[in-house]
Structures are given as structure tokens and as C-alpha cells.
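Pasted below: upload24.txt, compact mmCIF, C-alpha atoms.
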# COMPACT_ATOMS: atom_id res chain seq x y z
CA MET E 51 28.34 158.65 49.17
CA PRO E 52 30.02 155.22 48.61
CA ALA E 53 29.99 152.63 51.37
CA VAL E 54 33.24 152.33 53.29
CA ASP E 55 34.54 148.82 53.91
CA PHE E 56 36.58 148.42 57.09
CA ALA E 57 37.70 145.72 59.49
CA PRO E 58 35.83 145.96 62.78
CA ARG E 59 37.96 146.38 65.88
CA GLY E 60 35.51 144.46 68.08
CA LEU E 61 34.86 140.81 67.29
CA ARG E 62 32.28 138.43 68.69
CA ARG E 63 33.40 134.96 69.77
CA ALA E 64 33.04 133.11 66.43
CA ASP E 65 34.61 135.99 64.52
CA ALA E 66 37.46 136.25 67.04
CA ALA E 67 38.16 132.53 66.64
CA ARG E 68 38.07 132.85 62.84
CA TYR E 69 40.39 135.86 63.08
CA LEU E 70 42.92 133.70 64.94
CA GLY E 71 42.43 130.84 62.50
CA ILE E 72 41.05 128.38 65.05
CA SER E 73 37.67 126.81 65.76
CA PRO E 74 35.28 128.38 68.26
CA THR E 75 35.65 125.23 70.39
CA LEU E 76 39.43 125.54 70.58
CA PHE E 77 38.99 129.27 71.19
CA ASP E 78 36.84 128.45 74.25
CA VAL E 79 39.39 125.94 75.56
CA LYS E 80 42.28 128.38 75.17
CA ARG E 81 40.21 131.17 76.72
CA LYS E 82 39.55 129.02 79.81
CA GLU E 83 43.29 128.23 80.00
CA GLY E 84 44.03 131.96 79.95
CA ALA E 85 45.89 131.83 76.64
CA ILE E 86 43.40 134.20 75.01
CA PRO E 87 42.70 137.61 76.53
CA PRO E 88 39.25 138.20 78.02
CA PRO E 89 36.50 139.94 76.09
CA ARG E 90 35.21 143.41 76.85
CA ASP E 91 31.62 144.14 77.74
CA MET E 92 30.48 146.65 75.14
CA PHE E 93 26.87 147.68 75.67
CA GLY E 94 25.99 144.24 77.08
CA VAL E 95 27.78 142.33 74.31
CA MET E 96 31.00 140.42 74.95
CA ILE E 97 33.50 141.54 72.30
CA TRP E 98 37.19 140.76 71.80
CA ASP E 99 39.42 143.64 70.82
CA ARG E 100 41.27 142.82 67.59
CA GLN E 101 44.39 144.51 68.97
CA ASP E 102 44.33 142.22 72.03
CA LEU E 103 44.13 139.22 69.69
CA ASP E 104 46.97 140.62 67.58
CA SER E 105 49.15 140.69 70.69
CA LEU E 106 49.05 136.86 70.74
CA PHE E 107 51.17 136.86 67.59
CA ALA E 108 53.75 139.17 69.14
CA LYS E 109 54.61 136.66 71.87
CA PRO E 110 57.35 134.17 71.04
CA THR E 111 55.86 130.71 71.47
CA TYR E 112 58.31 128.51 69.57
CA THR E 113 61.51 127.22 71.10
CA ALA E 114 63.48 124.60 69.19
CA ALA E 115 64.87 123.10 72.40
CA ASN E 116 61.36 122.11 73.51
CA ASP E 117 60.10 120.94 70.14
CA ASN E 118 60.00 117.14 70.47
CA ALA E 119 58.10 116.73 67.19
CA SER E 120 60.87 118.56 65.35
CA ASN E 121 63.51 116.40 67.04
CA TYR E 122 61.60 113.25 66.10
CA TRP E 123 61.45 114.14 62.43
CA ASP E 124 65.08 115.27 62.43
CA LYS E 125 66.05 111.80 63.67
CA VAL E 126 63.77 109.96 61.23
CA CYS E 127 65.02 111.96 58.26
CA GLY E 128 68.66 111.71 59.28
CA PHE E 129 69.06 115.40 60.05
CA GLU E 130 69.90 114.89 63.70
CA ASN E 131 72.62 117.12 64.99
CA PRO E 132 75.73 114.94 65.48
CA SER E 133 76.56 116.80 68.70
CA THR E 134 73.35 115.57 70.41
Kindly transcribe the structure held in the file into C-alpha cells.
Amino acid sequence: MPAVDFAPRGLRRADAARYLGISPTLFDVKRKEGAIPPPRDMFGVMIWDRQDLDSLFAKPTYTAANDNASNYWDKVCGFENPST
């Protein structure tokens, strides 16, 4: 029988950070801030549910009105909205 390759649903800390595309250190910081959902205790091992991590991407986090970096570059490049 051939081996079946699949993505695990449960991820340990380093794998969860890699899954999100961030370093384990930043993962820890964001976890302490409450921006990353808590892990689950599975048989004595702390594991993050991939679906919980996926939910982070479903939340809108970008708002143009609060993006000062975008406004800065708009001004520098001459793309500033004339009405502002």
C-alpha cells in the first residue's frame, strides 16, 4: 500500500509559526498579546489547530485610513489624494 502524504491538522509551535510565515519568536510575542489563538493540549503536547490558525487570515486587518506608511509613500511619490 503506498504511503499517503497529508497536511497535519495539529501543529507544534515552530511548525505553527512556519505555517503562518513568521518566526517562532514573533509567534510567541503575538501569542502573549492574544493575537494568536491558544494551543490545545493533545495527550500532554501543546498543539495548534491549523483551522484556528487559518481563521487569522479570515479577519480583516488592513484599513487604508489607519495606514500611515501608505500615506507617507503616497505623499513622497506624489500620489496624495488632492482632497486630503
| message | Which residue is closest to Arg62 of chain E? Choose from E:Lys82, E:Ile97, E:Asp91, E:Leu76 and count only C-alpha atoms. | response | E:Ile97
| query | Quick one, how far is atom CA of Ala67 of chain E from atom CA of Arg90 of chain E? | reply | 15.2 Å
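Residues in contact range of Arg63 of chain E, defined as at most 9 Å between only C-alpha atoms, with sequence neighbours fewer than 5 positions away removed, read Arg68, Pro74, Phe77, Asp78, Pro89, Met96, Ile97 and Trp98 of chain E.
Of the residues listed (E:Ile72, E:Val126, E:Val79, E:Ile86), E:Ile86 shows the shortest atom-to-atom separation from Gln101 of chain E; distances use only C-alpha atoms.
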| query | Any idea what's packed within 9 Å of Leu103 of chain E, counting all atoms listed in the file, ignoring anything in its chain fewer than 3 positions away? Could you give it as a list of chain:residue names? | reply | E:Ala66, E:Tyr69, E:Leu70, E:Ile86, E:Pro87, E:Trp98, E:Asp99, E:Arg100, E:Leu106, E:Phe107
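Our summary of the geometry notes that atom CA of Gly60 of chain E is positioned 13.1 Å from atom CA of Gly94 of chain E.
Coordinates place atom CA of Ala108 of chain E at a distance of 28.9 Å from atom CA of Phe93 of chain E.
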